[in-house]
Amino acid sequence: MLIILLPITTICVSVAGFYVWHRQLIRKRHFEVADAALAAFSRTQAALIYARNPASFVGEGASRERDNTNPSQSKLLDRLFIPVERLRQHREAFAELERVAFAVEVHFGDHVARQVREPLRAYNHIVVSTALQMELGSGFRPEGGHKADYDDPDRLSDEIYKAKVAVETALRPHLEAPTLEQFLLLTELRASARRVIAFLVSMGRRLCALASRPAA
């Protein structure tokens with residue numbers, strides 16, 4: 001009897017060990033993706049806040065392509081260009097967010113990835129809005145700083161805030177340290193062990209019943 005049960009038990013233990021290893025590997029990858037996504041989102045969010053800050057410094061906006069406009073008009077265009085100039089200083093942060101968003105899409109689904117990409121949509125909207133304002137010469141307020149985002153001044157902030165809440169809700173749990181029971185997957189292992197024991201007991205009874213039958 002023991003000779004039959006020993007190999008079966010060994011196989012079951014090996015399968016359980018492989019299962020635990022595989023689950024921990026997936027959990028580690030989820031941690032890495034969630035950590036990278038949250039960090040990239042925070043960096044790009046900070047870049048957007050800085051880009052939309054109405055305060056400006058001497059020389060800002062001067063990196064735009066120059067044309068033959070008169071000095072006063074050129075100064076206006078420089079001021080309008082400030083948000084784009086500031087965003088370009090953080091181009092690598094937005095590129096990293098785009099790379100991370102693909103990994104989020106694979107591991108956590110399209111809905112979460114869409115929320116992660118919200119700063120990218122804000123970036124593109126600011127660039128387009130700035131280009132239109134510079135082309136049309138409208139939307140500039142000498143006394144109130146520059147505005148190159150959504151028509152509603154609060155909309156961009158609201159969209160980013162809602163996206164951050166969704167991203168935090170979906171990804172933050174994957175950064176929390178699991179309990180020992182969760183780490184060792186004890187609940188799953190106990191359930192698996194019960195099924196294996198029930199199977200072995202059933203098999204043992206059948207073998208005993210076969211062994212007790214009189215020979216024909």
# chains A, B, ... in the order shown; residues from 1 in each chain; ligands from 1
$ select_by_dssp --residues "region 71-175 of chain A" --states "alpha helix (DSSP H)" --output "count of residues only"
79
$ residues_around --residues "region 77-85 of chain A" --least-positions-apart "4" --cutoff "7 Å" --atoms "only C-alpha atoms" --output "count of residues only"
13
$ atom_distance --atom1 "CA of His30 (chain A)" --atom2 "CA of Leu48 (chain A)"
26.8 Å
$ closest_residue --among "A:Phe199, A:Val128, A:Thr10, A:Phe94" --to "Ala39 (chain A)" --atoms "only C-alpha atoms"
A:Phe94
$ atom_distance --atom1 "CA of Glu92 (chain A)" --atom2 "CA of Ala131 (chain A)"
21.3 Å
$ closest_residue --among "A:Pro173, A:Ser56, A:Leu38, A:Arg91" --to "Ala113 (chain A)" --atoms "only C-alpha atoms"
A:Leu38
$ closest_residue --among "A:Leu76, A:Ile126, A:Ala55, A:Ala101" --to "Arg88 (chain A)" --atoms "only C-alpha atoms"
A:Ile126
$ residues_around --residues "Ile160 (chain A)" --least-positions-apart "3" --cutoff "9 Å" --atoms "only C-alpha atoms" --output "mmCIF file with N, CA, C and O atoms, in the first residue's frame"
data_model
loop_
_atom_site.group_PDB
_atom_site.id
_atom_site.type_symbol
_atom_site.label_atom_id
_atom_site.label_comp_id
_atom_site.auth_asym_id
_atom_site.auth_seq_id
_atom_site.Cartn_x
_atom_site.Cartn_y
_atom_site.Cartn_z
ATOM 1 N N GLN A 45 2.169 63.438 -13.901
ATOM 2 C CA GLN A 45 1.192 64.328 -13.275
ATOM 3 C C GLN A 45 1.884 65.585 -12.745
ATOM 4 O O GLN A 45 1.391 66.706 -12.927
ATOM 5 N N GLN A 115 -6.700 54.396 -18.141
ATOM 6 C CA GLN A 115 -6.553 55.376 -17.061
ATOM 7 C C GLN A 115 -5.091 55.780 -16.894
ATOM 8 O O GLN A 115 -4.792 56.956 -16.637
ATOM 9 N N GLU A 118 -3.978 58.574 -19.276
ATOM 10 C CA GLU A 118 -4.636 59.886 -19.219
ATOM 11 C C GLU A 118 -3.640 61.052 -19.286
ATOM 12 O O GLU A 118 -3.902 62.045 -19.988
ATOM 13 N N PRO A 119 -2.489 61.012 -18.595
ATOM 14 C CA PRO A 119 -1.526 62.116 -18.741
ATOM 15 C C PRO A 119 -1.015 62.285 -20.179
ATOM 16 O O PRO A 119 -0.708 63.410 -20.589
ATOM 17 N N ALA A 122 -3.601 64.295 -21.943
ATOM 18 C CA ALA A 122 -3.501 65.692 -21.515
ATOM 19 C C ALA A 122 -2.309 66.378 -22.191
ATOM 20 O O ALA A 122 -2.403 67.535 -22.621
ATOM 21 N N ARG A 155 -11.025 71.217 -16.052
ATOM 22 C CA ARG A 155 -11.316 69.898 -16.619
ATOM 23 C C ARG A 155 -10.089 68.997 -16.624
ATOM 24 O O ARG A 155 -10.184 67.810 -16.288
ATOM 25 N N LEU A 156 -8.958 69.536 -17.026
ATOM 26 C CA LEU A 156 -7.749 68.712 -17.073
ATOM 27 C C LEU A 156 -7.423 68.156 -15.691
ATOM 28 O O LEU A 156 -7.147 66.966 -15.542
ATOM 29 N N SER A 157 -7.476 69.019 -14.683
ATOM 30 C CA SER A 157 -7.183 68.568 -13.317
ATOM 31 C C SER A 157 -8.170 67.495 -12.866
ATOM 32 O O SER A 157 -7.785 66.506 -12.230
ATOM 33 N N ALA A 163 -8.489 59.771 -13.039
ATOM 34 C CA ALA A 163 -7.652 58.692 -13.556
ATOM 35 C C ALA A 163 -6.700 58.177 -12.480
ATOM 36 O O ALA A 163 -6.492 56.967 -12.353
ATOM 37 N N LYS A 164 -6.148 59.088 -11.685
ATOM 38 C CA LYS A 164 -5.217 58.656 -10.632
ATOM 39 C C LYS A 164 -5.930 57.805 -9.584
ATOM 40 O O LYS A 164 -5.382 56.802 -9.110
ATOM 41 N N VAL A 165 -7.149 58.198 -9.223
ATOM 42 C CA VAL A 165 -7.917 57.395 -8.256
ATOM 43 C C VAL A 165 -8.151 55.988 -8.808
ATOM 44 O O VAL A 165 -7.983 54.987 -8.096
#
$ residues_around --residues "His174 (chain A)" --least-positions-apart "4" --cutoff "12 Å" --atoms "only C-alpha atoms" --output "PyMOL selection string"
chain A and resi 26-38+107-108+167-170+178
